[in-house]
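One structure below.
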Amino acid sequence: MTDILAILEVEVASLPAGAKIASEHELMARFDATRSTVRRVIEQMESRFLVRRAHGAGTFVNRRVDYLISSAIAPSLHTTVERAGASARTFVVDASEQPLPAEIAQRIGFKAGIPCTRLVRVGYIDDDPATCAEEWVLPGVLDHVDVSLRAIESLTEVLRASRRTPVRAWSRVSTEFPPASIAERLELRVPVTTWHLETLTRDGNAGPPLLCSRSWMRQDRMRVVIEFDTPLAPPADPNTSSSA
């Protein structure tokens with residue numbers, strides 16, 4: 001099994017994303033292996049996010065998109081995915097005015113219960129479900145934002161069109177099992193962990209808060225990368241000593 005896995009890992013790395021790999025029967029014949037061995041190999045590759053299986057269609061080469069978290073880069077799914085050479089689409093599945101939850105209000109220094117626009121959006125990468133986001137747009141930031149998003153899709157671009165400069169002011173990332181409703185929208189058929197990203201977006205580096213969001217991202221479609229913006233100081237020369 002280890003030899004088969006090593007060979008297929010090298011081959012898959014040289015194939016383009018979305019390429020279909022050989023079927024179980026073809027791999028059994030090629031390696032003179034049992035069905036159970038071939039299935040374990042494919043399961044190992046899937047657990048490492050090298051391939052993904054589509055029920056009734058086959059097994060395909062998987063490439064994850066790097067989602068970069070940095071205060072120097074606006075929190076835009078569309079821009080991130082396009083830089084990685086893939087395509088992104090997002091769709092509003094719910095938009096309503098709701099009272100701001102206490103945990104979000106405390107984080108941004110607003111009064112809990114004030115009416116905000118709550119958005120739920122699902123994001124696709126190359127037509128595959130990849131993210132589901134819950135976003136709280138603060139009062140006075142955008143009017144009829146759900147209508148604008150049907151035309152532009154990118155919330156970052158909608159904010160820029162309103163003469164605002166969205167900047168990621170704070171983020172926290174963890175891995176969690178998503179709520180059942182989120183798992184359904186992400187088409188996760190078995191319980192698996194997702195990236196859970198919380199973000200506060202401000203208008204400029206020191207401007208007022210614009211929105212707070214939390215997103216669930218499929219780990220087989222995205223990889224979260226955190227980049228510090230301040231360069232590290234050069235290491236001290238051990239041969240140089242300071243004296244008072």
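FYI, nothing fancy with the structure tokens labels: chains A, B, ... in order, residues from 1 per chain, ligands from 1 as they appear.
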query: Skipping near chain neighbours, those fewer than 5 positions away, what residues fall within 7 Å of stretch 185-191 of chain A using only C-alpha atoms, listed as number ranges by chain?
result: A: 129-132
For stretch 106-121 of chain A, find every residue with an atom within 8 Å (counting only C-alpha atoms), except residues of its own chain fewer than 5 positions away, and show them as a JSON list (two decimals) with N, CA, C and O atoms, in the first residue's frame.
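That gives us selection_18.json:
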```
[["chain", "number", "residue", "atom", "x", "y", "z"],
["A", 90, "THR", "N", -20.10, 34.12, -5.30],
["A", 90, "THR", "CA", -20.78, 34.15, -4.01],
["A", 90, "THR", "C", -22.25, 34.53, -4.22],
["A", 90, "THR", "O", -22.57, 35.33, -5.10],
["A", 91, "PHE", "N", -23.10, 33.95, -3.38],
["A", 91, "PHE", "CA", -24.54, 34.17, -3.52],
["A", 91, "PHE", "C", -25.15, 34.43, -2.15],
["A", 91, "PHE", "O", -24.83, 33.75, -1.17],
["A", 92, "VAL", "N", -26.01, 35.42, -2.09],
["A", 92, "VAL", "CA", -26.74, 35.74, -0.87],
["A", 92, "VAL", "C", -27.89, 34.75, -0.72],
["A", 92, "VAL", "O", -28.73, 34.62, -1.61],
["A", 93, "VAL", "N", -27.91, 34.02, 0.39],
["A", 93, "VAL", "CA", -29.00, 33.08, 0.63],
["A", 93, "VAL", "C", -29.96, 33.61, 1.70],
["A", 93, "VAL", "O", -31.06, 33.09, 1.84],
["A", 94, "ASP", "N", -29.54, 34.65, 2.42],
["A", 94, "ASP", "CA", -30.44, 35.26, 3.39],
["A", 94, "ASP", "C", -29.96, 36.67, 3.69],
["A", 94, "ASP", "O", -28.75, 36.91, 3.83],
["A", 95, "ALA", "N", -30.88, 37.61, 3.77],
["A", 95, "ALA", "CA", -30.57, 38.99, 4.15],
["A", 95, "ALA", "C", -31.75, 39.52, 4.95],
["A", 95, "ALA", "O", -32.89, 39.50, 4.47],
["A", 96, "SER", "N", -31.47, 39.99, 6.16],
["A", 96, "SER", "CA", -32.54, 40.47, 7.01],
["A", 96, "SER", "C", -31.99, 41.43, 8.04],
["A", 96, "SER", "O", -30.79, 41.44, 8.33],
["A", 97, "GLU", "N", -32.87, 42.26, 8.59],
["A", 97, "GLU", "CA", -32.47, 43.18, 9.67],
["A", 97, "GLU", "C", -32.70, 42.47, 10.99],
["A", 97, "GLU", "O", -33.82, 42.03, 11.28],
["A", 98, "GLN", "N", -31.65, 42.37, 11.79],
["A", 98, "GLN", "CA", -31.73, 41.65, 13.05],
["A", 98, "GLN", "C", -30.94, 42.39, 14.12],
["A", 98, "GLN", "O", -30.01, 43.15, 13.81],
["A", 99, "PRO", "N", -31.27, 42.17, 15.40],
["A", 99, "PRO", "CA", -30.51, 42.83, 16.48],
["A", 99, "PRO", "C", -29.09, 42.25, 16.58],
["A", 99, "PRO", "O", -28.89, 41.05, 16.42],
["A", 100, "LEU", "N", -28.13, 43.13, 16.83],
["A", 100, "LEU", "CA", -26.73, 42.72, 16.92],
["A", 100, "LEU", "C", -26.53, 41.83, 18.15],
["A", 100, "LEU", "O", -26.85, 42.22, 19.27],
["A", 101, "PRO", "N", -25.98, 40.61, 17.96],
["A", 101, "PRO", "CA", -25.74, 39.72, 19.11],
["A", 101, "PRO", "C", -24.74, 40.32, 20.09],
["A", 101, "PRO", "O", -23.84, 41.07, 19.72],
["A", 132, "CYS", "N", -19.08, 29.38, 3.66],
["A", 132, "CYS", "CA", -20.38, 29.93, 4.05],
["A", 132, "CYS", "C", -20.10, 30.98, 5.11],
["A", 132, "CYS", "O", -19.39, 30.71, 6.09],
["A", 133, "ALA", "N", -20.61, 32.18, 4.91],
["A", 133, "ALA", "CA", -20.29, 33.30, 5.79],
["A", 133, "ALA", "C", -21.55, 33.92, 6.36],
["A", 133, "ALA", "O", -22.57, 34.06, 5.68],
["A", 134, "GLU", "N", -21.45, 34.31, 7.63],
["A", 134, "GLU", "CA", -22.48, 35.12, 8.28],
["A", 134, "GLU", "C", -21.85, 36.49, 8.56],
["A", 134, "GLU", "O", -20.82, 36.56, 9.24],
["A", 135, "GLU", "N", -22.45, 37.54, 8.02],
["A", 135, "GLU", "CA", -21.86, 38.88, 8.10],
["A", 135, "GLU", "C", -22.87, 39.87, 8.69],
["A", 135, "GLU", "O", -24.03, 39.88, 8.28],
["A", 136, "TRP", "N", -22.37, 40.67, 9.64],
["A", 136, "TRP", "CA", -23.21, 41.68, 10.28],
["A", 136, "TRP", "C", -22.72, 43.05, 9.82],
["A", 136, "TRP", "O", -21.65, 43.51, 10.21],
["A", 137, "VAL", "N", -23.51, 43.69, 8.95],
["A", 137, "VAL", "CA", -23.17, 45.02, 8.44],
["A", 137, "VAL", "C", -23.76, 46.06, 9.39],
["A", 137, "VAL", "O", -24.98, 46.06, 9.65],
["A", 138, "LEU", "N", -22.92, 46.94, 9.89],
["A", 138, "LEU", "CA", -23.35, 47.88, 10.94],
["A", 138, "LEU", "C", -24.23, 48.99, 10.38],
["A", 138, "LEU", "O", -24.19, 49.30, 9.18],
["A", 139, "PRO", "N", -25.04, 49.62, 11.24],
["A", 139, "PRO", "CA", -25.98, 50.64, 10.79],
["A", 139, "PRO", "C", -25.28, 51.79, 10.07],
["A", 139, "PRO", "O", -24.21, 52.25, 10.48],
["A", 146, "ASP", "N", -27.86, 43.77, 0.04],
["A", 146, "ASP", "CA", -28.17, 42.50, -0.64],
["A", 146, "ASP", "C", -28.45, 42.72, -2.12],
["A", 146, "ASP", "O", -28.10, 41.88, -2.96],
["A", 200, "LEU", "N", -13.09, 41.30, 11.94],
["A", 200, "LEU", "CA", -13.64, 42.65, 12.09],
["A", 200, "LEU", "C", -13.04, 43.50, 10.98],
["A", 200, "LEU", "O", -11.82, 43.56, 10.83],
["A", 209, "PRO", "N", -15.74, 50.79, 12.61],
["A", 209, "PRO", "CA", -16.07, 49.43, 12.16],
["A", 209, "PRO", "C", -17.12, 49.47, 11.06],
["A", 209, "PRO", "O", -18.04, 50.29, 11.08]]
```
List as a tab-separated table every residue of stretch 46-105 of chain A that is in contact with stretch 19-28 of chain A, defined as an atom at most 10 Å from one of its atoms (using only C-alpha atoms), together with the nearest atom pair and the distance in Å rounded to one decimal, sorted by chain and then rising number.
```
residue	atom	partner	partner_atom	distance
A:Val51	CA	A:Ile21	CA	8.7
A:Arg52	CA	A:Lys20	CA	9.7
A:Arg53	CA	A:Lys20	CA	9.7
A:Ala57	CA	A:Lys20	CA	9.2
A:Gly58	CA	A:Ser23	CA	7.0
A:Thr59	CA	A:Lys20	CA	5.9
A:Phe60	CA	A:Lys20	CA	4.4
A:Val61	CA	A:Ala19	CA	5.3
A:Asn62	CA	A:Ala19	CA	8.3
```
Go ahead and save the residues from that selection, with C-alpha atoms, as a PDB file, in the first residue's frame.
```pdb
ATOM      1  CA  VAL A  51      -7.868  14.186  -4.394  1.00  0.00           C
ATOM      2  CA  ARG A  52     -11.596  14.540  -3.934  1.00  0.00           C
ATOM      3  CA  ARG A  53     -14.295  12.054  -4.751  1.00  0.00           C
ATOM      4  CA  ALA A  57     -18.513  10.706 -11.144  1.00  0.00           C
ATOM      5  CA  GLY A  58     -15.108   9.475  -9.952  1.00  0.00           C
ATOM      6  CA  THR A  59     -12.002  10.771  -8.199  1.00  0.00           C
ATOM      7  CA  PHE A  60     -10.360  14.042  -9.200  1.00  0.00           C
ATOM      8  CA  VAL A  61      -7.125  15.919  -8.508  1.00  0.00           C
ATOM      9  CA  ASN A  62      -7.633  18.488  -5.776  1.00  0.00           C
TER      10      ASN A  62
END
```
task: Check stretch 177-216 of chain A with DSSP on the backbone and list each residue it calls helix (DSSP H, G or I), as a ChimeraX atom specification.
output: /A:180-185
Filtering to all heavy atoms, could you give me those residues as a PDB file, in the first residue's frame?
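Wrote selection.pdb, looks like this:
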```pdb
ATOM      1  N   ALA A 180     -25.092  22.299  11.751  1.00  0.00           N
ATOM      2  CA  ALA A 180     -25.715  21.440  10.739  1.00  0.00           C
ATOM      3  C   ALA A 180     -26.169  22.233   9.518  1.00  0.00           C
ATOM      4  O   ALA A 180     -26.022  21.773   8.375  1.00  0.00           O
ATOM      5  CB  ALA A 180     -26.890  20.691  11.358  1.00  0.00           C
ATOM      6  N   SER A 181     -26.715  23.432   9.744  1.00  0.00           N
ATOM      7  CA  SER A 181     -27.195  24.238   8.617  1.00  0.00           C
ATOM      8  C   SER A 181     -26.046  24.674   7.712  1.00  0.00           C
ATOM      9  O   SER A 181     -26.194  24.735   6.483  1.00  0.00           O
ATOM     10  CB  SER A 181     -27.949  25.470   9.130  1.00  0.00           C
ATOM     11  OG  SER A 181     -27.095  26.274   9.940  1.00  0.00           O
ATOM     12  N   ILE A 182     -24.880  24.969   8.304  1.00  0.00           N
ATOM     13  CA  ILE A 182     -23.709  25.368   7.523  1.00  0.00           C
ATOM     14  C   ILE A 182     -23.159  24.158   6.762  1.00  0.00           C
ATOM     15  O   ILE A 182     -22.817  24.257   5.575  1.00  0.00           O
ATOM     16  CB  ILE A 182     -22.624  25.957   8.437  1.00  0.00           C
ATOM     17  CG1 ILE A 182     -23.163  27.170   9.203  1.00  0.00           C
ATOM     18  CG2 ILE A 182     -21.391  26.328   7.625  1.00  0.00           C
ATOM     19  CD1 ILE A 182     -23.562  28.330   8.333  1.00  0.00           C
ATOM     20  N   ALA A 183     -23.075  23.017   7.438  1.00  0.00           N
ATOM     21  CA  ALA A 183     -22.576  21.803   6.784  1.00  0.00           C
ATOM     22  C   ALA A 183     -23.428  21.448   5.581  1.00  0.00           C
ATOM     23  O   ALA A 183     -22.904  21.019   4.535  1.00  0.00           O
ATOM     24  CB  ALA A 183     -22.555  20.654   7.780  1.00  0.00           C
ATOM     25  N   GLU A 184     -24.718  21.649   5.692  1.00  0.00           N
ATOM     26  CA  GLU A 184     -25.613  21.354   4.566  1.00  0.00           C
ATOM     27  C   GLU A 184     -25.341  22.279   3.391  1.00  0.00           C
ATOM     28  O   GLU A 184     -25.282  21.837   2.240  1.00  0.00           O
ATOM     29  CB  GLU A 184     -27.070  21.472   5.016  1.00  0.00           C
ATOM     30  CG  GLU A 184     -28.074  21.133   3.921  1.00  0.00           C
ATOM     31  CD  GLU A 184     -29.512  21.219   4.404  1.00  0.00           C
ATOM     32  OE1 GLU A 184     -29.724  21.602   5.585  1.00  0.00           O
ATOM     33  OE2 GLU A 184     -30.417  20.923   3.612  1.00  0.00           O
ATOM     34  N   ARG A 185     -25.138  23.560   3.675  1.00  0.00           N
ATOM     35  CA  ARG A 185     -24.864  24.499   2.587  1.00  0.00           C
ATOM     36  C   ARG A 185     -23.506  24.241   1.942  1.00  0.00           C
ATOM     37  O   ARG A 185     -23.307  24.523   0.756  1.00  0.00           O
ATOM     38  CB  ARG A 185     -24.939  25.931   3.117  1.00  0.00           C
ATOM     39  CG  ARG A 185     -26.369  26.384   3.430  1.00  0.00           C
ATOM     40  CD  ARG A 185     -26.455  27.871   3.704  1.00  0.00           C
ATOM     41  NE  ARG A 185     -27.832  28.307   3.763  1.00  0.00           N
ATOM     42  CZ  ARG A 185     -28.438  28.799   4.833  1.00  0.00           C
ATOM     43  NH1 ARG A 185     -27.756  28.917   5.965  1.00  0.00           N
ATOM     44  NH2 ARG A 185     -29.701  29.175   4.793  1.00  0.00           N
TER      45      ARG A 185
END
```
Got a sec: who's within 7 Å of A:Ser71, counting only C-alpha atoms, leaving out chain neighbours fewer than 3 positions off, as a JSON list (two decimals) with N, CA and C atoms, in the first residue's frame?
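Saved to result-v3.json:
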```
[["chain", "number", "residue", "atom", "x", "y", "z"],
["A", 167, "VAL", "N", -10.53, 47.33, 5.61],
["A", 167, "VAL", "CA", -9.25, 46.82, 6.10],
["A", 167, "VAL", "C", -9.54, 45.79, 7.18],
["A", 168, "ARG", "N", -8.82, 44.68, 7.13],
["A", 168, "ARG", "CA", -8.97, 43.66, 8.17],
["A", 168, "ARG", "C", -8.29, 44.16, 9.44],
["A", 169, "ALA", "N", -9.10, 44.46, 10.46],
["A", 169, "ALA", "CA", -8.56, 45.02, 11.70],
["A", 169, "ALA", "C", -8.26, 43.95, 12.74]]
```
field: Polymer residues at most 9 Å from stretch 75-83 of chain A, only C-alpha atoms, same-chain spacing of 6 or more positions, as a PyMOL selection string
entry: chain A and resi 65-69+89-90+123+125+153-157+166-168+199+201
field: Members of stretch 55-203 of chain A assigned strand (DSSP E or B) by DSSP, as an MDAnalysis selection string
entry: chainID A and resid 58:61 65:69 88:99 115:125 128:137 166:176 194:203
field: Top pick for closest residue to A:Phe31, considering A:Ser47, A:Thr2, A:Ser215, A:Ser87 and counting only C-alpha atoms
entry: A:Thr2
message: Please compute the atom CA of A:Asp203-atom CA of A:Ala151 distance, one decimal, in Å.
response: 22.2 Å
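In this comparison, which uses only C-alpha atoms, the residue of A:Ile42, A:Leu142, A:Met222, A:Ser148 approaching A:Arg63 most closely is A:Met222.
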